[in-house]
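One structure below.
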Amino acid sequence: MESEKIRGEAKSLTYRGIELTYCELGESNSDVIVLGAFSFQTFMPMVEKLAEKYHVYGVVMRFDGKAEEFNADGSVNWSRQWGSDVYNLTKELNLPKFHYVGKCHGSVPGWYLVKNHPECLKSVCSFFLAPHTKKPNSNKFFEVFKEKGVIGMLEAGLRKPEGIKAKLDEMKFAGKVDPSAVPKYAVNFAEHIWSSIDECIETLRNMTIPVEYLFGTDDLFFQDHFDSNIYAMMNTKGSRSVILDSERHFMEIDCPERIASEIFTFIEESSKKY
């Protein structure tokens, strides 16, 4: 099948009336990586690199359709719904324990699994976004968007200007994205997955699953949540943290091979049980 949210072949299955869309690459490999993202267009070069060594499933994080995770006021809790979608798809596909990889918003389902279904995880890569347990230091990332529009945000988020067209094309054809849900359920996901920030902190301090954080020094979003990011790196038990000088927010476009290389190294190292 075709999907505006996936570059290349798309697949889908229906679980209790909920249609879940995904891509699958690297079928000849035995070890499984699952990713979540709003769209697999500009992420696809990184996914293809990962598929050289792993059986990779990319699950589309949606903003509409039937839901099962709700807030007290009856609205959909998308932080939990994205995670629930990923979990339900992996169960329907009878996937074994897997490595979860997420970049920015894509890390949210991984943390839902940490909280609710840790038994299915081998490791978690939480790149360019950690659970935010501290007040933000600033709001530069979204201020640039408000002041300079999409082009200004992309210029601030990319080292290589040629990546702007690819991202604009993705935004044009990627389908529905709810702007109000992004800061609420992606940026501030900790308060929607855990019952309290203290409970989130307790999870980090007692982590038994290998976790890697990765950030770029020139990512405005990293700077906006600097205190939360440093706290997560310093207080997630047994975690590995990497900070790359000069990298910006859309690193999956600037250098997808570098992200894949970090994932390969982390998974290999985490299996050594130091």
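Following the order of the structure tokens, chains are lettered A, B, ..., residues in each are numbered from 1, and ligands are numbered from 1.
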
**Message:** So that I can check the secondary structure, give me every residue of range 102-264 of chain A assigned helix (DSSP H, G or I) by backbone DSSP, as a PyMOL selection string.
**Reply:** chain A and resi 104-116+118-120+140-157+163-173+181-187+190-193+197-205+220-224+226-235+251-254+256-264

Store the residues picked out above, limited to C-alpha atoms, as a PDB file, in the first residue's frame.
```pdb
ATOM      1  CA  CYS A 104      12.468  13.865  19.591  1.00  0.00           C
ATOM      2  CA  HIS A 105       8.687  13.179  19.447  1.00  0.00           C
ATOM      3  CA  GLY A 106       9.523   9.628  18.395  1.00  0.00           C
ATOM      4  CA  SER A 107      10.988   8.863  21.815  1.00  0.00           C
ATOM      5  CA  VAL A 108       7.586   9.269  23.528  1.00  0.00           C
ATOM      6  CA  PRO A 109       6.285   5.739  22.759  1.00  0.00           C
ATOM      7  CA  GLY A 110       9.543   4.332  24.111  1.00  0.00           C
ATOM      8  CA  TRP A 111       8.974   5.972  27.471  1.00  0.00           C
ATOM      9  CA  TYR A 112       5.383   4.743  27.521  1.00  0.00           C
ATOM     10  CA  LEU A 113       6.792   1.231  27.094  1.00  0.00           C
ATOM     11  CA  VAL A 114       9.353   1.832  29.860  1.00  0.00           C
ATOM     12  CA  LYS A 115       6.520   2.809  32.190  1.00  0.00           C
ATOM     13  CA  ASN A 116       3.903   0.246  31.162  1.00  0.00           C
ATOM     14  CA  PRO A 118       9.234  -2.874  30.208  1.00  0.00           C
ATOM     15  CA  GLU A 119       9.189  -6.630  29.613  1.00  0.00           C
ATOM     16  CA  CYS A 120       9.162  -6.068  25.832  1.00  0.00           C
ATOM     17  CA  LYS A 140      13.857  29.495  21.689  1.00  0.00           C
ATOM     18  CA  PHE A 141      12.832  26.604  19.438  1.00  0.00           C
ATOM     19  CA  PHE A 142       9.158  27.549  19.210  1.00  0.00           C
ATOM     20  CA  GLU A 143       9.869  31.299  19.357  1.00  0.00           C
ATOM     21  CA  VAL A 144      11.940  31.022  16.174  1.00  0.00           C
ATOM     22  CA  PHE A 145       9.017  29.263  14.523  1.00  0.00           C
ATOM     23  CA  LYS A 146       6.571  31.985  15.636  1.00  0.00           C
ATOM     24  CA  GLU A 147       8.876  34.841  14.608  1.00  0.00           C
ATOM     25  CA  LYS A 148      10.409  33.484  11.394  1.00  0.00           C
ATOM     26  CA  GLY A 149       8.035  30.769  10.274  1.00  0.00           C
ATOM     27  CA  VAL A 150       8.845  27.335   8.958  1.00  0.00           C
ATOM     28  CA  ILE A 151      11.864  28.437   6.926  1.00  0.00           C
ATOM     29  CA  GLY A 152      13.412  30.190   9.914  1.00  0.00           C
ATOM     30  CA  MET A 153      12.869  27.120  12.097  1.00  0.00           C
ATOM     31  CA  LEU A 154      14.485  24.874   9.488  1.00  0.00           C
ATOM     32  CA  GLU A 155      17.442  27.215   9.036  1.00  0.00           C
ATOM     33  CA  ALA A 156      17.990  27.135  12.796  1.00  0.00           C
ATOM     34  CA  GLY A 157      17.581  23.362  12.942  1.00  0.00           C
ATOM     35  CA  GLY A 163      18.047  19.708   3.800  1.00  0.00           C
ATOM     36  CA  ILE A 164      15.433  22.477   3.886  1.00  0.00           C
ATOM     37  CA  LYS A 165      13.729  21.367   0.667  1.00  0.00           C
ATOM     38  CA  ALA A 166      13.505  17.761   1.877  1.00  0.00           C
ATOM     39  CA  LYS A 167      11.855  18.856   5.115  1.00  0.00           C
ATOM     40  CA  LEU A 168       9.461  21.239   3.351  1.00  0.00           C
ATOM     41  CA  ASP A 169       8.418  18.456   0.980  1.00  0.00           C
ATOM     42  CA  GLU A 170       7.803  16.175   3.949  1.00  0.00           C
ATOM     43  CA  MET A 171       5.702  18.772   5.729  1.00  0.00           C
ATOM     44  CA  LYS A 172       3.678  19.287   2.546  1.00  0.00           C
ATOM     45  CA  PHE A 173       2.853  15.624   2.033  1.00  0.00           C
ATOM     46  CA  ALA A 181      -0.644  18.275  20.446  1.00  0.00           C
ATOM     47  CA  VAL A 182       3.076  18.558  19.691  1.00  0.00           C
ATOM     48  CA  PRO A 183       4.171  20.751  22.647  1.00  0.00           C
ATOM     49  CA  LYS A 184       1.576  19.254  24.975  1.00  0.00           C
ATOM     50  CA  TYR A 185       1.975  15.528  24.342  1.00  0.00           C
ATOM     51  CA  ALA A 186       5.436  15.288  22.750  1.00  0.00           C
ATOM     52  CA  VAL A 187       7.446  17.960  24.582  1.00  0.00           C
ATOM     53  CA  ALA A 190       6.371  13.041  31.235  1.00  0.00           C
ATOM     54  CA  GLU A 191       3.326  14.579  32.898  1.00  0.00           C
ATOM     55  CA  HIS A 192       1.018  12.582  30.598  1.00  0.00           C
ATOM     56  CA  ILE A 193       2.671   9.165  30.932  1.00  0.00           C
ATOM     57  CA  ILE A 197       6.924  14.106  37.905  1.00  0.00           C
ATOM     58  CA  ASP A 198       8.199  12.495  41.099  1.00  0.00           C
ATOM     59  CA  GLU A 199       7.064   9.114  39.773  1.00  0.00           C
ATOM     60  CA  CYS A 200       8.909   9.794  36.513  1.00  0.00           C
ATOM     61  CA  ILE A 201      12.084  10.626  38.440  1.00  0.00           C
ATOM     62  CA  GLU A 202      11.694   7.429  40.447  1.00  0.00           C
ATOM     63  CA  THR A 203      11.513   5.456  37.201  1.00  0.00           C
ATOM     64  CA  LEU A 204      14.715   7.062  35.917  1.00  0.00           C
ATOM     65  CA  ARG A 205      16.579   6.398  39.152  1.00  0.00           C
ATOM     66  CA  LEU A 220      17.832  25.134  20.346  1.00  0.00           C
ATOM     67  CA  PHE A 221      15.497  22.525  21.798  1.00  0.00           C
ATOM     68  CA  PHE A 222      18.379  21.023  23.802  1.00  0.00           C
ATOM     69  CA  GLN A 223      19.148  24.486  25.164  1.00  0.00           C
ATOM     70  CA  ASP A 224      15.486  25.180  25.967  1.00  0.00           C
ATOM     71  CA  PHE A 226      18.966  22.083  29.367  1.00  0.00           C
ATOM     72  CA  ASP A 227      18.242  21.461  33.062  1.00  0.00           C
ATOM     73  CA  SER A 228      15.868  18.582  32.318  1.00  0.00           C
ATOM     74  CA  ASN A 229      18.291  17.022  29.858  1.00  0.00           C
ATOM     75  CA  ILE A 230      21.274  17.187  32.198  1.00  0.00           C
ATOM     76  CA  TYR A 231      19.161  15.888  35.069  1.00  0.00           C
ATOM     77  CA  ALA A 232      17.991  12.913  33.001  1.00  0.00           C
ATOM     78  CA  MET A 233      21.542  12.118  31.898  1.00  0.00           C
ATOM     79  CA  MET A 234      22.822  12.287  35.472  1.00  0.00           C
ATOM     80  CA  ASN A 235      19.929  10.428  37.111  1.00  0.00           C
ATOM     81  CA  MET A 251      20.321  15.645  12.635  1.00  0.00           C
ATOM     82  CA  GLU A 252      18.497  12.789  10.905  1.00  0.00           C
ATOM     83  CA  ILE A 253      18.627  14.941   7.739  1.00  0.00           C
ATOM     84  CA  ASP A 254      22.125  16.392   8.198  1.00  0.00           C
ATOM     85  CA  PRO A 256      21.605  10.008   9.263  1.00  0.00           C
ATOM     86  CA  GLU A 257      24.626   7.698   9.188  1.00  0.00           C
ATOM     87  CA  ARG A 258      25.995   9.321  12.340  1.00  0.00           C
ATOM     88  CA  ILE A 259      22.791   8.657  14.256  1.00  0.00           C
ATOM     89  CA  ALA A 260      22.739   5.051  13.053  1.00  0.00           C
ATOM     90  CA  SER A 261      26.366   4.639  14.102  1.00  0.00           C
ATOM     91  CA  GLU A 262      25.550   5.853  17.621  1.00  0.00           C
ATOM     92  CA  ILE A 263      22.653   3.397  17.827  1.00  0.00           C
ATOM     93  CA  PHE A 264      24.819   0.499  16.655  1.00  0.00           C
TER      94      PHE A 264
END
```

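Backbone DSSP over range 82-255 of chain A yields strand (DSSP E or B) at Phe98, His99, Tyr100, Val101, Gly102, Lys103, Leu121, Lys122, Ser123, Val124, Cys125, Ser126, Phe127, Val211, Glu212, Tyr213, Leu214, Phe215, Gly216, Arg240, Ser241, Val242, Ile243 and Leu244 of chain A.
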
Preceding selection exported with C-alpha atoms as a short mmCIF file (atom, residue, chain, number, x, y, z; two decimals), in the first residue's frame:
```cif
data_model
loop_
_atom_site.label_atom_id
_atom_site.label_comp_id
_atom_site.auth_asym_id
_atom_site.auth_seq_id
_atom_site.Cartn_x
_atom_site.Cartn_y
_atom_site.Cartn_z
CA PHE A 98 13.06 -5.33 20.75
CA HIS A 99 15.21 -2.22 20.88
CA TYR A 100 13.17 0.98 20.79
CA VAL A 101 14.64 3.98 18.96
CA GLY A 102 13.06 7.43 19.03
CA LYS A 103 14.21 10.87 17.96
CA LEU A 121 12.25 -3.85 25.74
CA LYS A 122 15.91 -4.73 25.21
CA SER A 123 17.03 -1.08 25.20
CA VAL A 124 15.79 2.46 24.54
CA CYS A 125 17.40 5.24 22.50
CA SER A 126 15.92 8.60 23.52
CA PHE A 127 17.56 11.06 21.14
CA VAL A 211 18.99 3.84 27.91
CA GLU A 212 20.98 6.17 25.67
CA TYR A 213 20.48 9.90 25.41
CA LEU A 214 21.92 11.85 22.49
CA PHE A 215 21.91 15.62 22.00
CA GLY A 216 23.52 18.23 19.76
CA ARG A 240 24.81 6.24 28.34
CA SER A 241 24.84 9.88 27.20
CA VAL A 242 26.38 11.46 24.11
CA ILE A 243 26.55 15.18 23.31
CA LEU A 244 27.71 16.00 19.78
#
```

**Prompt:** Can you tell me, as a PyMOL selection string, what residues are no more than 10 Å from Glu2 in chain A when counting only C-alpha atoms, ignoring any on the same chain fewer than 6 positions away?
**Reply:** chain A and resi 8-12

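When CA of Glu48 in chain A is paired with CA of His117 in chain A, their separation reads 26.8 Å.
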